[in-house]
Amino acid sequence: MIADGNNRLLRVGINSDVLACWTQCYELFKEQPRQILSDVAQHGNIDDKCQDIFGYLCNTVRYKLDEDGKQFIKSPARLIYDGCGDCKSLTMFIACCLHCLNIPCIVRFVNFDGGNQYTHVYPVAIDENGKEIIMDMCETDKNRTPIYDYARPYKKKKEFIYG
């Protein structure tokens with residue numbers, strides 16, 4: 001994956017802009033991770049593949065919040081090139097990986113305070129038995145290590161389903 005002029009940062013203004021352009025970005029970027037998935041694709045079940053993707057991101061990038069009013073959705077290539085990204089970019093990377101592996105995915109936008117704005121997003125893979133596997137790279141333990149298959153309770157959600 002190479003970060004070039006075709007997959008540079010895609011800038012959006014505020015959180016509502018993210019919802020408006022999410023599917024467009026996904027369609028543009030969904031094939032990019034194929035180059036890094038050769039090892040992941042060798043595992044037999046979906047949970048193993050998801051753990052490999054999660055582990056790869058834990059070892060490759062760090063979470064870094066976008067500034068208010070300056071929201072970006074990075075392509076998978078750009079996320080790896082930069083070595084950091086926020087929940088939108090981490091989610092885009094995982095959703096694109098799941099697409100490349102033919103794993104059904106939900107992209108879940110959530111609100112924690114009951115207001116009108118969705119303030120967080122994370123991907124959810126669906127395994128062979130229909131079980132959800134949470135892949136939220138932003139929820140961490142006391143050592144700041146992302147917690148696999150965990151998400152905080154939310155008040156509201158909006159979902160996009162792929163696969």
# chains A, B, ... in the order shown; residues from 1 in each chain; ligands from 1

call {"tool": "select_by_dssp", "arguments": {"residues": "chain A", "states": "helix (DSSP H, G or I)", "output": "PyMOL selection string"}}
result
chain A and resi 15-29+32-36+40-42+46-60+76-82+87-100

call {"tool": "closest_atom_pairs", "arguments": {"of": "range 57-98 of chain A", "to": "range 125-137 of chain A", "cutoff": "9 Å", "atoms": "only C-alpha atoms", "output": "JSON lines"}}
result
{"residue": "A:Leu57", "atom": "CA", "partner": "A:Met137", "partner_atom": "CA", "distance": 8.2}
{"residue": "A:Cys58", "atom": "CA", "partner": "A:Met137", "partner_atom": "CA", "distance": 7.8}
{"residue": "A:Tyr63", "atom": "CA", "partner": "A:Met137", "partner_atom": "CA", "distance": 7.8}
{"residue": "A:Cys87", "atom": "CA", "partner": "A:Met137", "partner_atom": "CA", "distance": 7.3}
{"residue": "A:Leu90", "atom": "CA", "partner": "A:Met137", "partner_atom": "CA", "distance": 7.0}
{"residue": "A:Thr91", "atom": "CA", "partner": "A:Asp136", "partner_atom": "CA", "distance": 7.6}
{"residue": "A:Ile94", "atom": "CA", "partner": "A:Met135", "partner_atom": "CA", "distance": 7.9}
{"residue": "A:Ala95", "atom": "CA", "partner": "A:Ala125", "partner_atom": "CA", "distance": 8.3}
{"residue": "A:Leu98", "atom": "CA", "partner": "A:Ala125", "partner_atom": "CA", "distance": 7.4}

call {"tool": "residues_around", "arguments": {"residues": "Asp66 in chain A", "least_positions_apart": "4", "cutoff": "8 Å", "atoms": "only C-alpha atoms", "output": "list in words"}}
result
Lys70, Gln71, Phe72, Gly85 and Asp86 of chain A

call {"tool": "residues_around", "arguments": {"residues": "Asn59 in chain A", "least_positions_apart": "5", "cutoff": "12 Å", "atoms": "only C-alpha atoms", "output": "PDB file with N, CA and C atoms, in the first residue's frame"}}
result
ATOM      1  N   ASP A  52      -5.916 -11.159  14.225  1.00  0.00           N
ATOM      2  CA  ASP A  52      -4.700 -10.813  13.482  1.00  0.00           C
ATOM      3  C   ASP A  52      -4.735  -9.360  12.998  1.00  0.00           C
ATOM      4  N   ILE A  53      -5.860  -8.935  12.468  1.00  0.00           N
ATOM      5  CA  ILE A  53      -6.001  -7.544  12.010  1.00  0.00           C
ATOM      6  C   ILE A  53      -5.840  -6.595  13.199  1.00  0.00           C
ATOM      7  N   PHE A  54      -6.504  -6.907  14.290  1.00  0.00           N
ATOM      8  CA  PHE A  54      -6.446  -6.089  15.504  1.00  0.00           C
ATOM      9  C   PHE A  54      -5.000  -6.001  16.012  1.00  0.00           C
ATOM     10  N   ILE A  80      -1.449   3.755   7.578  1.00  0.00           N
ATOM     11  CA  ILE A  80      -0.193   3.034   7.813  1.00  0.00           C
ATOM     12  C   ILE A  80       0.996   3.966   7.578  1.00  0.00           C
ATOM     13  N   GLY A  83       1.147   6.340  10.517  1.00  0.00           N
ATOM     14  CA  GLY A  83       1.397   5.654  11.793  1.00  0.00           C
ATOM     15  C   GLY A  83       0.456   6.069  12.909  1.00  0.00           C
ATOM     16  N   CYS A  84      -0.581   6.850  12.577  1.00  0.00           N
ATOM     17  CA  CYS A  84      -1.552   7.272  13.585  1.00  0.00           C
ATOM     18  C   CYS A  84      -2.858   7.665  12.907  1.00  0.00           C
ATOM     19  N   MET A 137     -10.584  -0.103  18.351  1.00  0.00           N
ATOM     20  CA  MET A 137      -9.176   0.115  18.701  1.00  0.00           C
ATOM     21  C   MET A 137      -8.990   1.226  19.728  1.00  0.00           C
ATOM     22  N   THR A 145      -3.480  -0.367  26.127  1.00  0.00           N
ATOM     23  CA  THR A 145      -3.520  -1.388  25.091  1.00  0.00           C
ATOM     24  C   THR A 145      -4.971  -1.572  24.661  1.00  0.00           C
ATOM     25  N   PRO A 146      -5.244  -1.513  23.353  1.00  0.00           N
ATOM     26  CA  PRO A 146      -6.619  -1.718  22.894  1.00  0.00           C
ATOM     27  C   PRO A 146      -7.180  -3.068  23.350  1.00  0.00           C
TER      28      PRO A 146
END

call {"tool": "closest_atom_pairs", "arguments": {"of": "range 60-130 of chain A", "to": "range 150-161 of chain A", "cutoff": "6 Å", "atoms": "only C-alpha atoms", "output": "JSON lines"}}
result
{"residue": "A:Cys105", "atom": "CA", "partner": "A:Ile161", "partner_atom": "CA", "distance": 5.9}
{"residue": "A:Ile106", "atom": "CA", "partner": "A:Ile161", "partner_atom": "CA", "distance": 4.5}
{"residue": "A:Val107", "atom": "CA", "partner": "A:Phe160", "partner_atom": "CA", "distance": 5.1}
{"residue": "A:Arg108", "atom": "CA", "partner": "A:Glu159", "partner_atom": "CA", "distance": 4.6}
{"residue": "A:Phe109", "atom": "CA", "partner": "A:Lys158", "partner_atom": "CA", "distance": 5.1}
{"residue": "A:Val110", "atom": "CA", "partner": "A:Lys157", "partner_atom": "CA", "distance": 4.4}
{"residue": "A:Asn111", "atom": "CA", "partner": "A:Lys156", "partner_atom": "CA", "distance": 5.1}
{"residue": "A:Phe112", "atom": "CA", "partner": "A:Tyr154", "partner_atom": "CA", "distance": 4.6}
{"residue": "A:Gly114", "atom": "CA", "partner": "A:Lys155", "partner_atom": "CA", "distance": 5.2}

call {"tool": "closest_residue", "arguments": {"among": "A:Gly44, A:Asp149, A:Gly163, A:Ile73", "to": "Leu19 in chain A", "atoms": "only C-alpha atoms"}}
result
A:Ile73

call {"tool": "select_by_dssp", "arguments": {"residues": "chain A", "states": "strand (DSSP E or B)", "output": "NGL selection string"}}
result
:A and (10-12 or 62-63 or 71-73 or 84-85 or 105-111 or 120-126 or 132-134 or 140 or 146 or 156-162)

call {"tool": "atom_distance", "arguments": {"atom1": "CA of Gln35 in chain A", "atom2": "CA of Met92 in chain A"}}
result
15.8 Å

call {"tool": "atom_distance", "arguments": {"atom1": "CA of Ile36 in chain A", "atom2": "CA of Cys100 in chain A"}}
result
10.3 Å

call {"tool": "atom_distance", "arguments": {"atom1": "CA of Lys74 in chain A", "atom2": "CA of Arg34 in chain A"}}
result
16.5 Å

call {"tool": "closest_residue", "arguments": {"among": "A:Val61, A:Thr23, A:Val121, A:Arg78", "to": "Tyr162 in chain A", "atoms": "only C-alpha atoms"}}
result
A:Thr23
